[in-house]
>>> print(open('final_24.cif').read())   # mmCIF, C-alpha atoms
data_data
loop_
_atom_site.group_PDB
_atom_site.id
_atom_site.type_symbol
_atom_site.label_atom_id
_atom_site.label_comp_id
_atom_site.auth_asym_id
_atom_site.auth_seq_id
_atom_site.Cartn_x
_atom_site.Cartn_y
_atom_site.Cartn_z
ATOM 1 C CA MET A 1 27.263 -233.620 -84.880
ATOM 2 C CA PHE A 2 27.805 -233.716 -88.647
ATOM 3 C CA SER A 3 24.122 -233.023 -89.397
ATOM 4 C CA TYR A 4 24.063 -230.264 -86.772
ATOM 5 C CA ALA A 5 27.147 -228.610 -88.276
ATOM 6 C CA LEU A 6 25.661 -228.902 -91.767
ATOM 7 C CA SER A 7 22.387 -227.303 -90.642
ATOM 8 C CA LYS A 8 24.264 -224.409 -89.005
ATOM 9 C CA LEU A 9 26.328 -223.846 -92.143
ATOM 10 C CA ALA A 10 23.148 -223.942 -94.213
ATOM 11 C CA LEU A 11 21.557 -221.280 -91.994
ATOM 12 C CA GLY A 12 24.668 -219.150 -92.336
ATOM 13 C CA PHE A 13 24.570 -219.563 -96.087
ATOM 14 C CA LEU A 14 20.925 -218.434 -96.129
ATOM 15 C CA THR A 15 22.108 -215.170 -94.570
ATOM 16 C CA SER A 16 24.780 -214.934 -97.277
ATOM 17 C CA LEU A 17 22.072 -215.462 -99.902
ATOM 18 C CA GLU A 18 19.949 -212.703 -98.360
ATOM 19 C CA ILE A 19 22.858 -210.252 -98.638
ATOM 20 C CA PHE A 20 23.448 -211.415 -102.218
ATOM 21 C CA ALA A 21 19.779 -211.067 -103.222
ATOM 22 C CA PHE A 22 19.196 -207.653 -101.606
ATOM 23 C CA THR A 23 22.389 -206.306 -103.158
ATOM 24 C CA LEU A 24 21.383 -207.375 -106.665
ATOM 25 C CA VAL A 25 17.788 -206.136 -106.355
ATOM 26 C CA PHE A 26 18.889 -202.637 -105.368
ATOM 27 C CA ALA A 27 22.362 -202.275 -106.917
ATOM 28 C CA ILE A 28 21.444 -203.255 -110.485
ATOM 29 C CA PRO A 29 18.919 -200.404 -111.042
ATOM 30 C CA LEU A 30 20.866 -197.963 -108.854
ATOM 31 C CA GLY A 31 23.994 -198.675 -110.892
ATOM 32 C CA LEU A 32 22.167 -197.640 -114.064
ATOM 33 C CA LEU A 33 21.141 -194.333 -112.471
ATOM 34 C CA VAL A 34 24.727 -193.740 -111.315
ATOM 35 C CA ALA A 35 25.942 -194.515 -114.854
ATOM 36 C CA PHE A 36 23.574 -191.917 -116.309
ATOM 37 C CA GLY A 37 24.808 -189.428 -113.708
ATOM 38 C CA SER A 38 28.450 -190.093 -114.592
ATOM 39 C CA MET A 39 27.639 -189.546 -118.288
ATOM 40 C CA SER A 40 25.646 -186.373 -117.697
ATOM 41 C CA LYS A 41 26.410 -183.417 -119.921
ATOM 42 C CA PHE A 42 25.990 -181.157 -116.877
ATOM 43 C CA ALA A 43 29.548 -180.996 -115.547
ATOM 44 C CA PRO A 44 28.806 -180.643 -111.774
ATOM 45 C CA VAL A 45 26.570 -183.736 -111.836
ATOM 46 C CA LYS A 46 29.027 -185.673 -113.977
ATOM 47 C CA TYR A 47 32.019 -184.996 -111.748
ATOM 48 C CA LEU A 48 30.021 -185.502 -108.540
ATOM 49 C CA PHE A 49 29.056 -189.014 -109.610
ATOM 50 C CA ARG A 50 32.508 -189.797 -110.959
ATOM 51 C CA GLY A 51 34.007 -188.628 -107.663
ATOM 52 C CA ILE A 52 31.696 -190.922 -105.711
ATOM 53 C CA ILE A 53 32.590 -193.843 -107.990
ATOM 54 C CA TRP A 54 36.305 -193.080 -107.563
ATOM 55 C CA VAL A 55 36.019 -193.106 -103.757
ATOM 56 C CA ILE A 56 33.956 -196.293 -103.604
ATOM 57 C CA ARG A 57 36.108 -198.200 -106.082
ATOM 58 C CA GLY A 58 39.302 -196.944 -104.458
ATOM 59 C CA THR A 59 38.549 -198.063 -100.897
ATOM 60 C CA PRO A 60 38.050 -201.578 -99.489
ATOM 61 C CA LEU A 61 34.505 -202.892 -99.104
ATOM 62 C CA MET A 62 35.346 -203.910 -95.526
ATOM 63 C CA LEU A 63 36.143 -200.279 -94.681
ATOM 64 C CA GLN A 64 32.881 -199.147 -96.272
ATOM 65 C CA ILE A 65 30.923 -201.639 -94.141
ATOM 66 C CA LEU A 66 32.582 -200.274 -90.993
ATOM 67 C CA VAL A 67 31.877 -196.662 -92.025
ATOM 68 C CA VAL A 68 28.194 -197.358 -92.730
ATOM 69 C CA CYS A 69 27.782 -199.265 -89.458
ATOM 70 C CA TYR A 70 29.733 -197.038 -87.063
ATOM 71 C CA GLY A 71 30.117 -193.749 -88.952
ATOM 72 C CA PRO A 72 26.710 -192.203 -88.135
ATOM 73 C CA GLY A 73 27.275 -192.628 -84.400
ATOM 74 C CA LEU A 74 30.681 -190.974 -84.613
ATOM 75 C CA ILE A 75 29.238 -187.769 -86.100
ATOM 76 C CA GLY A 76 26.262 -187.483 -83.744
ATOM 77 C CA LEU A 77 23.642 -189.172 -85.913
ATOM 78 C CA PRO A 78 21.549 -192.152 -84.752
ATOM 79 C CA ALA A 79 23.752 -195.247 -84.767
ATOM 80 C CA MET A 80 22.986 -198.049 -87.186
ATOM 81 C CA ARG A 81 21.182 -200.568 -84.964
ATOM 82 C CA SER A 82 20.986 -203.413 -87.464
ATOM 83 C CA PRO A 83 24.328 -204.854 -88.634
ATOM 84 C CA MET A 84 22.510 -206.652 -91.443
ATOM 85 C CA LEU A 85 21.033 -203.373 -92.699
ATOM 86 C CA ALA A 86 24.467 -201.730 -92.560
ATOM 87 C CA VAL A 87 25.951 -204.575 -94.599
ATOM 88 C CA VAL A 88 23.214 -204.370 -97.239
ATOM 89 C CA ILE A 89 23.571 -200.571 -97.566
ATOM 90 C CA ALA A 90 27.361 -200.830 -97.929
ATOM 91 C CA PHE A 91 27.101 -203.641 -100.475
ATOM 92 C CA VAL A 92 24.437 -201.848 -102.525
ATOM 93 C CA ILE A 93 26.467 -198.628 -102.729
ATOM 94 C CA ASN A 94 29.677 -200.502 -103.538
ATOM 95 C CA TYR A 95 28.244 -202.732 -106.248
ATOM 96 C CA ALA A 96 26.097 -199.977 -107.746
ATOM 97 C CA CYS A 97 29.311 -198.055 -108.447
ATOM 98 C CA TYR A 98 31.002 -201.083 -110.011
ATOM 99 C CA PHE A 99 27.903 -201.913 -112.065
ATOM 100 C CA SER A 100 27.671 -198.271 -113.203
ATOM 101 C CA GLU A 101 31.091 -198.458 -114.825
ATOM 102 C CA ILE A 102 30.089 -201.646 -116.635
ATOM 103 C CA TYR A 103 26.873 -199.983 -117.826
ATOM 104 C CA ARG A 104 28.768 -196.888 -118.940
ATOM 105 C CA GLY A 105 31.273 -198.937 -120.910
ATOM 106 C CA GLY A 106 28.469 -200.890 -122.583
ATOM 107 C CA ILE A 107 26.463 -197.796 -123.499
ATOM 108 C CA GLU A 108 29.471 -195.907 -124.834
ATOM 109 C CA SER A 109 30.531 -198.926 -126.917
ATOM 110 C CA VAL A 110 27.441 -198.572 -129.121
ATOM 111 C CA SER A 111 28.277 -196.384 -132.113
ATOM 112 C CA LYS A 112 26.702 -192.943 -132.337
ATOM 113 C CA GLY A 113 25.561 -193.822 -135.838
ATOM 114 C CA GLN A 114 22.899 -196.108 -134.407
ATOM 115 C CA TYR A 115 21.481 -193.289 -132.297
ATOM 116 C CA GLU A 116 21.463 -191.008 -135.332
ATOM 117 C CA ALA A 117 19.837 -193.658 -137.539
ATOM 118 C CA GLY A 118 17.034 -194.130 -135.008
ATOM 119 C CA GLN A 119 16.399 -190.411 -134.802
ATOM 120 C CA VAL A 120 16.313 -190.174 -138.615
ATOM 121 C CA LEU A 121 13.533 -192.778 -138.510
ATOM 122 C CA GLY A 122 11.552 -190.465 -136.235
ATOM 123 C CA MET A 123 12.261 -192.232 -132.949
ATOM 124 C CA THR A 124 12.766 -190.309 -129.729
ATOM 125 C CA LYS A 125 15.997 -190.660 -127.748
ATOM 126 C CA ASN A 126 14.220 -192.910 -125.231
ATOM 127 C CA GLN A 127 12.853 -195.129 -127.995
ATOM 128 C CA VAL A 128 16.279 -195.398 -129.604
ATOM 129 C CA PHE A 129 17.811 -196.380 -126.273
ATOM 130 C CA PHE A 130 15.234 -198.971 -125.235
ATOM 131 C CA LYS A 131 14.468 -200.449 -128.670
ATOM 132 C CA ILE A 132 17.879 -200.356 -130.366
ATOM 133 C CA VAL A 133 20.678 -199.762 -127.874
ATOM 134 C CA LEU A 134 19.589 -201.574 -124.712
ATOM 135 C CA LEU A 135 19.616 -205.125 -126.078
ATOM 136 C CA GLN A 136 23.085 -204.596 -127.522
ATOM 137 C CA VAL A 137 24.283 -203.181 -124.193
ATOM 138 C CA ILE A 138 22.896 -206.185 -122.298
ATOM 139 C CA ARG A 139 24.715 -208.549 -124.643
ATOM 140 C CA ARG A 140 27.999 -206.676 -124.232
ATOM 141 C CA ILE A 141 27.894 -206.366 -120.443
ATOM 142 C CA ILE A 142 26.698 -209.865 -119.572
ATOM 143 C CA ALA A 143 30.247 -211.253 -119.171
ATOM 144 C CA PRO A 144 31.635 -208.473 -116.911
ATOM 145 C CA MET A 145 28.366 -208.352 -114.951
ATOM 146 C CA SER A 146 28.510 -212.097 -114.347
ATOM 147 C CA ASN A 147 32.076 -211.733 -113.041
ATOM 148 C CA GLU A 148 31.009 -209.018 -110.597
ATOM 149 C CA ILE A 149 27.995 -211.038 -109.442
ATOM 150 C CA ILE A 150 30.173 -214.082 -108.781
ATOM 151 C CA THR A 151 32.573 -211.836 -106.845
ATOM 152 C CA LEU A 152 29.583 -210.624 -104.832
ATOM 153 C CA VAL A 153 28.868 -214.202 -103.716
ATOM 154 C CA LYS A 154 32.343 -214.421 -102.179
ATOM 155 C CA ASP A 155 32.296 -210.872 -100.799
ATOM 156 C CA THR A 156 29.290 -211.714 -98.615
ATOM 157 C CA SER A 157 31.832 -213.281 -96.231
ATOM 158 C CA LEU A 158 32.902 -209.732 -95.297
ATOM 159 C CA ALA A 159 29.616 -209.333 -93.415
ATOM 160 C CA ASN A 160 31.187 -211.127 -90.440
ATOM 161 C CA THR A 161 33.318 -207.976 -89.969
ATOM 162 C CA ILE A 162 30.419 -206.508 -87.970
ATOM 163 C CA SER A 163 29.214 -209.852 -86.546
ATOM 164 C CA VAL A 164 26.567 -210.749 -89.121
ATOM 165 C CA VAL A 165 26.324 -214.535 -88.912
ATOM 166 C CA GLU A 166 26.887 -215.523 -92.527
ATOM 167 C CA ILE A 167 28.388 -218.909 -93.384
ATOM 168 C CA VAL A 168 32.028 -218.147 -92.500
ATOM 169 C CA LYS A 169 31.104 -216.697 -89.097
ATOM 170 C CA ALA A 170 28.778 -219.662 -88.503
ATOM 171 C CA ALA A 171 31.747 -221.985 -89.064
ATOM 172 C CA ARG A 172 33.987 -219.968 -86.732
ATOM 173 C CA ASP A 173 31.302 -219.773 -84.025
ATOM 174 C CA MET A 174 30.779 -223.548 -84.103
ATOM 175 C CA ALA A 175 34.499 -224.179 -83.875
ATOM 176 C CA SER A 176 34.884 -221.909 -80.839
ATOM 177 C CA SER A 177 31.668 -223.031 -79.100
ATOM 178 C CA PHE A 178 32.122 -226.787 -79.441
ATOM 179 C CA GLY A 179 35.896 -227.091 -79.658
ATOM 180 C CA LEU A 180 35.729 -228.384 -83.229
ATOM 181 C CA GLU A 181 38.471 -228.174 -85.830
ATOM 182 C CA LEU A 182 38.011 -224.969 -87.803
ATOM 183 C CA LEU A 183 39.498 -226.176 -91.099
ATOM 184 C CA PRO A 184 36.859 -228.850 -91.899
ATOM 185 C CA LEU A 185 34.098 -226.345 -91.141
ATOM 186 C CA LEU A 186 35.695 -223.748 -93.423
ATOM 187 C CA LEU A 187 36.047 -226.377 -96.141
ATOM 188 C CA GLY A 188 32.353 -227.112 -95.722
ATOM 189 C CA ALA A 189 31.584 -223.406 -96.073
ATOM 190 C CA GLY A 190 33.746 -223.352 -99.201
ATOM 191 C CA ALA A 191 31.694 -226.205 -100.653
ATOM 192 C CA PHE A 192 28.518 -224.096 -100.351
ATOM 193 C CA TYR A 193 30.222 -221.247 -102.211
ATOM 194 C CA LEU A 194 31.520 -223.566 -104.930
ATOM 195 C CA LEU A 195 28.106 -225.112 -105.555
ATOM 196 C CA PHE A 196 26.376 -221.741 -105.764
ATOM 197 C CA VAL A 197 29.052 -220.206 -107.980
ATOM 198 C CA GLY A 198 28.869 -223.275 -110.224
ATOM 199 C CA LEU A 199 25.110 -222.833 -110.550
ATOM 200 C CA LEU A 200 25.495 -219.142 -111.385
ATOM 201 C CA THR A 201 28.172 -219.934 -113.962
ATOM 202 C CA ILE A 202 25.829 -222.354 -115.751
ATOM 203 C CA ILE A 203 23.008 -219.781 -115.721
ATOM 204 C CA PHE A 204 25.200 -216.994 -117.098
ATOM 205 C CA ASN A 205 26.674 -219.230 -119.800
ATOM 206 C CA LYS A 206 23.177 -220.147 -120.986
ATOM 207 C CA LEU A 207 22.076 -216.522 -120.843
ATOM 208 C CA GLU A 208 25.103 -215.402 -122.847
ATOM 209 C CA LYS A 209 24.380 -217.998 -125.535
ATOM 210 C CA LYS A 210 20.716 -216.989 -125.634
ATOM 211 C CA LEU A 211 21.644 -213.353 -126.180
ATOM 212 C CA SER A 212 24.340 -214.100 -128.759
ATOM 213 C CA TYR A 213 22.043 -213.197 -131.661
ATOM 214 C CA TYR A 214 22.194 -209.565 -130.532
ATOM 215 C CA LYS A 215 25.918 -209.495 -131.203
ATOM 216 C CA VAL A 216 26.852 -206.921 -133.811
#
>>> encode(input="final_24.cif", output="structure tokens")
Amino acid sequence: MFSYALSKLALGFLTSLEIFAFTLVFAIPLGLLVAFGSMSKFAPVKYLFRGIIWVIRGTPLMLQILVVCYGPGLIGLPAMRSPMLAVVIAFVINYACYFSEIYRGGIESVSKGQYEAGQVLGMTKNQVFFKIVLLQVIRRIIAPMSNEIITLVKDTSLANTISVVEIVKAARDMASSFGLELLPLLLGAGAFYLLFVGLLTIIFNKLEKKLSYYKV
């Protein structure tokens, strides 16, 4: 029974990892686009993006998952048939908005003098950004980004809100199906999270040290 329970928890954790991976792949670049939108000099675009960020950051992720999953059907649009797809969409939108604020803070922390110096040297704005500013931004945002990414690992448990069988729901389903004690299964699920978060922490610490020579 122990090996069976472990295999079920491992399968549930694979689903959690899928949510984690899809969210990062899409939210990291989307967050940069949202950041550029929120810094736009064109006021309607700027305030549109800042309004979206305000709504997303001001409401619970669980509520956003429910809205993405059930909202279309309530307003006459085709209902979201795949709970997993609904979870991924909600997570991507949510984390893109959080990442965008981290990007914006990193970009705005670079002094305007560096932009001006690059332009004096004949570089275009894009060249200044990618050759001078970007590496400094990466160095400055690595710590807050790592915190958000570690939070994402734990937030994947919210997928069970709409019956996606991630690791926490796998533990609950086993407990109800086989009459097992729930607490040991939840502790086992917690062990998976701890190991993965520990691995991520080591990776981010090494990455931060590697990028330390860009500190100015």
>>> atom_distance(input="final_24.cif", atom1="atom CA of A:Pro184", atom2="atom CA of A:Leu14")
19.5 Å
>>> resolve_selection(input="final_24.cif", expression="the PyMOL selection byres ((chain A and resi 151-159) around 7)", output="ChimeraX atom specification")
/A:16,19-20,62,87,147-150,160-164,166,168
>>> axis_aligned_box(input="final_24.cif", around="stretch 81-90 of chain A", padding_each_side="6 Å", output="AutoDock Vina command-line options")
--center_x 24.2 --center_y -203.6 --center_z -91.4 --size_x 18.4 --size_y 18.1 --size_z 25.0
>>> atom_distance(input="final_24.cif", atom1="atom CA of A:Leu24", atom2="atom CA of A:Asn126")
24.6 Å
>>> resolve_selection(input="final_24.cif", expression="the PyMOL selection byres ((chain A and resi 172-182) around 12)", output="list in words")
Met1, Phe2, Tyr4, Ala5, Leu6, Ser7, Lys8, Leu9, Gly12, Ser157, Asn160, Ser163, Val164, Val165, Glu166, Ile167, Val168, Lys169, Ala170, Ala171, Leu183, Pro184, Leu185, Leu186, Leu187, Gly188 and Ala189 of chain A
>>> atom_distance(input="final_24.cif", atom1="atom CA of A:Cys97", atom2="atom CA of A:Pro60")
13.0 Å
>>> residues_around(input="final_24.cif", residues="A:Glu101", least_positions_apart="2", cutoff="12 Å", atoms="all atoms listed in the file", output="mmCIF file with C-alpha atoms, in the frame of the given file")
data_model
loop_
_atom_site.group_PDB
_atom_site.id
_atom_site.type_symbol
_atom_site.label_atom_id
_atom_site.label_comp_id
_atom_site.auth_asym_id
_atom_site.auth_seq_id
_atom_site.Cartn_x
_atom_site.Cartn_y
_atom_site.Cartn_z
ATOM 1 C CA ILE A 28 21.444 -203.255 -110.485
ATOM 2 C CA LEU A 30 20.866 -197.963 -108.854
ATOM 3 C CA GLY A 31 23.994 -198.675 -110.892
ATOM 4 C CA LEU A 32 22.167 -197.640 -114.064
ATOM 5 C CA LEU A 33 21.141 -194.333 -112.471
ATOM 6 C CA VAL A 34 24.727 -193.740 -111.315
ATOM 7 C CA ALA A 35 25.942 -194.515 -114.854
ATOM 8 C CA PHE A 36 23.574 -191.917 -116.309
ATOM 9 C CA GLY A 37 24.808 -189.428 -113.708
ATOM 10 C CA SER A 38 28.450 -190.093 -114.592
ATOM 11 C CA MET A 39 27.639 -189.546 -118.288
ATOM 12 C CA PHE A 49 29.056 -189.014 -109.610
ATOM 13 C CA ARG A 50 32.508 -189.797 -110.959
ATOM 14 C CA ILE A 52 31.696 -190.922 -105.711
ATOM 15 C CA ILE A 53 32.590 -193.843 -107.990
ATOM 16 C CA TRP A 54 36.305 -193.080 -107.563
ATOM 17 C CA ILE A 56 33.956 -196.293 -103.604
ATOM 18 C CA ARG A 57 36.108 -198.200 -106.082
ATOM 19 C CA ASN A 94 29.677 -200.502 -103.538
ATOM 20 C CA TYR A 95 28.244 -202.732 -106.248
ATOM 21 C CA ALA A 96 26.097 -199.977 -107.746
ATOM 22 C CA CYS A 97 29.311 -198.055 -108.447
ATOM 23 C CA TYR A 98 31.002 -201.083 -110.011
ATOM 24 C CA PHE A 99 27.903 -201.913 -112.065
ATOM 25 C CA TYR A 103 26.873 -199.983 -117.826
ATOM 26 C CA ARG A 104 28.768 -196.888 -118.940
ATOM 27 C CA GLY A 105 31.273 -198.937 -120.910
ATOM 28 C CA GLY A 106 28.469 -200.890 -122.583
ATOM 29 C CA ILE A 107 26.463 -197.796 -123.499
ATOM 30 C CA GLU A 108 29.471 -195.907 -124.834
ATOM 31 C CA ILE A 141 27.894 -206.366 -120.443
ATOM 32 C CA PRO A 144 31.635 -208.473 -116.911
ATOM 33 C CA MET A 145 28.366 -208.352 -114.951
ATOM 34 C CA GLU A 148 31.009 -209.018 -110.597
#
>>> residues_around(input="final_24.cif", residues="A:Leu199", least_positions_apart="6", cutoff="12 Å", atoms="only C-alpha atoms", output="list in words")
Ser146, Ile150, Val153, Phe192, Tyr193, Asn205 and Lys206 of chain A
>>> residues_around(input="final_24.cif", residues="A:Met80", least_positions_apart="5", cutoff="12 Å", atoms="all atoms listed in the file", output="PyMOL selection string")
chain A and resi 65-74+85-90+162
>>> closest_residue(input="final_24.cif", among="A:Ser3, A:Val128, A:Tyr47, A:Ala10", to="A:Ala191", atoms="all atoms listed in the file")
A:Ala10
>>> resolve_selection(input="final_24.cif", expression="the PyMOL selection byres ((chain A and resi 110-119) around 12)", output="MDAnalysis selection string")
chainID A and resid 103:109 120:141 215:216
>>> closest_residue(input="final_24.cif", among="A:Phe13, A:Phe204, A:Phe91, A:Phe196", to="A:Ala27", atoms="only C-alpha atoms")
A:Phe91
>>> build_atoms(input="final_24.cif", residues="stretch 164-194 of chain A", atoms="N, CA and C atoms", output="mmCIF file, in the coordinates of the input")
data_model
loop_
_atom_site.group_PDB
_atom_site.id
_atom_site.type_symbol
_atom_site.label_atom_id
_atom_site.label_comp_id
_atom_site.auth_asym_id
_atom_site.auth_seq_id
_atom_site.Cartn_x
_atom_site.Cartn_y
_atom_site.Cartn_z
ATOM 1 N N VAL A 164 27.700 -210.123 -88.444
ATOM 2 C CA VAL A 164 26.567 -210.749 -89.121
ATOM 3 C C VAL A 164 26.913 -212.225 -89.310
ATOM 4 N N VAL A 165 26.012 -213.104 -88.909
ATOM 5 C CA VAL A 165 26.324 -214.535 -88.912
ATOM 6 C C VAL A 165 26.046 -215.130 -90.291
ATOM 7 N N GLU A 166 26.950 -214.831 -91.227
ATOM 8 C CA GLU A 166 26.887 -215.523 -92.527
ATOM 9 C C GLU A 166 27.660 -216.836 -92.381
ATOM 10 N N ILE A 167 27.900 -217.528 -93.485
ATOM 11 C CA ILE A 167 28.388 -218.909 -93.384
ATOM 12 C C ILE A 167 29.786 -219.014 -92.766
ATOM 13 N N VAL A 168 30.677 -218.073 -93.056
ATOM 14 C CA VAL A 168 32.028 -218.147 -92.500
ATOM 15 C C VAL A 168 31.996 -217.923 -90.993
ATOM 16 N N LYS A 169 31.198 -216.929 -90.542
ATOM 17 C CA LYS A 169 31.104 -216.697 -89.097
ATOM 18 C C LYS A 169 30.415 -217.872 -88.407
ATOM 19 N N ALA A 170 29.434 -218.485 -89.074
ATOM 20 C CA ALA A 170 28.778 -219.662 -88.503
ATOM 21 C C ALA A 170 29.790 -220.771 -88.266
ATOM 22 N N ALA A 171 30.703 -220.960 -89.217
ATOM 23 C CA ALA A 171 31.747 -221.985 -89.064
ATOM 24 C C ALA A 171 32.682 -221.638 -87.908
ATOM 25 N N ARG A 172 33.086 -220.378 -87.812
ATOM 26 C CA ARG A 172 33.987 -219.968 -86.732
ATOM 27 C C ARG A 172 33.312 -220.078 -85.374
ATOM 28 N N ASP A 173 32.031 -219.696 -85.298
ATOM 29 C CA ASP A 173 31.302 -219.773 -84.025
ATOM 30 C C ASP A 173 31.175 -221.214 -83.553
ATOM 31 N N MET A 174 30.889 -222.132 -84.490
ATOM 32 C CA MET A 174 30.779 -223.548 -84.103
ATOM 33 C C MET A 174 32.107 -224.082 -83.613
ATOM 34 N N ALA A 175 33.180 -223.693 -84.272
ATOM 35 C CA ALA A 175 34.499 -224.179 -83.875
ATOM 36 C C ALA A 175 34.848 -223.710 -82.466
ATOM 37 N N SER A 176 34.543 -222.444 -82.156
ATOM 38 C CA SER A 176 34.884 -221.909 -80.839
ATOM 39 C C SER A 176 33.933 -222.406 -79.747
ATOM 40 N N SER A 177 32.658 -222.623 -80.099
ATOM 41 C CA SER A 177 31.668 -223.031 -79.100
ATOM 42 C C SER A 177 31.777 -224.499 -78.722
ATOM 43 N N PHE A 178 32.121 -225.340 -79.679
ATOM 44 C CA PHE A 178 32.122 -226.787 -79.441
ATOM 45 C C PHE A 178 33.512 -227.406 -79.504
ATOM 46 N N GLY A 179 34.539 -226.574 -79.628
ATOM 47 C CA GLY A 179 35.896 -227.091 -79.658
ATOM 48 C C GLY A 179 36.197 -227.936 -80.877
ATOM 49 N N LEU A 180 35.537 -227.623 -82.002
ATOM 50 C CA LEU A 180 35.729 -228.384 -83.229
ATOM 51 C C LEU A 180 36.903 -227.824 -84.026
ATOM 52 N N GLU A 181 37.426 -228.644 -84.922
ATOM 53 C CA GLU A 181 38.471 -228.174 -85.830
ATOM 54 C C GLU A 181 37.880 -227.169 -86.806
ATOM 55 N N LEU A 182 38.549 -226.033 -86.950
ATOM 56 C CA LEU A 182 38.011 -224.969 -87.803
ATOM 57 C C LEU A 182 38.137 -225.314 -89.289
ATOM 58 N N LEU A 183 39.241 -225.939 -89.676
ATOM 59 C CA LEU A 183 39.498 -226.176 -91.099
ATOM 60 C C LEU A 183 38.396 -226.990 -91.787
ATOM 61 N N PRO A 184 37.938 -228.110 -91.228
ATOM 62 C CA PRO A 184 36.859 -228.850 -91.899
ATOM 63 C C PRO A 184 35.583 -228.027 -92.057
ATOM 64 N N LEU A 185 35.291 -227.189 -91.065
ATOM 65 C CA LEU A 185 34.098 -226.345 -91.141
ATOM 66 C C LEU A 185 34.252 -225.296 -92.243
ATOM 67 N N LEU A 186 35.454 -224.724 -92.355
ATOM 68 C CA LEU A 186 35.695 -223.748 -93.423
ATOM 69 C C LEU A 186 35.647 -224.408 -94.796
ATOM 70 N N LEU A 187 36.138 -225.642 -94.875
ATOM 71 C CA LEU A 187 36.047 -226.377 -96.141
ATOM 72 C C LEU A 187 34.587 -226.649 -96.501
ATOM 73 N N GLY A 188 33.785 -226.928 -95.483
ATOM 74 C CA GLY A 188 32.353 -227.112 -95.722
ATOM 75 C C GLY A 188 31.703 -225.834 -96.215
ATOM 76 N N ALA A 189 32.100 -224.696 -95.606
ATOM 77 C CA ALA A 189 31.584 -223.406 -96.073
ATOM 78 C C ALA A 189 32.005 -223.159 -97.517
ATOM 79 N N GLY A 190 33.265 -223.514 -97.833
ATOM 80 C CA GLY A 190 33.746 -223.352 -99.201
ATOM 81 C C GLY A 190 32.952 -224.179 -100.195
ATOM 82 N N ALA A 191 32.493 -225.350 -99.767
ATOM 83 C CA ALA A 191 31.694 -226.205 -100.653
ATOM 84 C C ALA A 191 30.375 -225.527 -101.025
ATOM 85 N N PHE A 192 29.755 -224.835 -100.050
ATOM 86 C CA PHE A 192 28.518 -224.096 -100.351
ATOM 87 C C PHE A 192 28.779 -223.032 -101.410
ATOM 88 N N TYR A 193 29.876 -222.286 -101.235
ATOM 89 C CA TYR A 193 30.222 -221.247 -102.211
ATOM 90 C C TYR A 193 30.460 -221.852 -103.597
ATOM 91 N N LEU A 194 31.200 -222.945 -103.646
ATOM 92 C CA LEU A 194 31.520 -223.566 -104.930
ATOM 93 C C LEU A 194 30.262 -224.029 -105.661
#
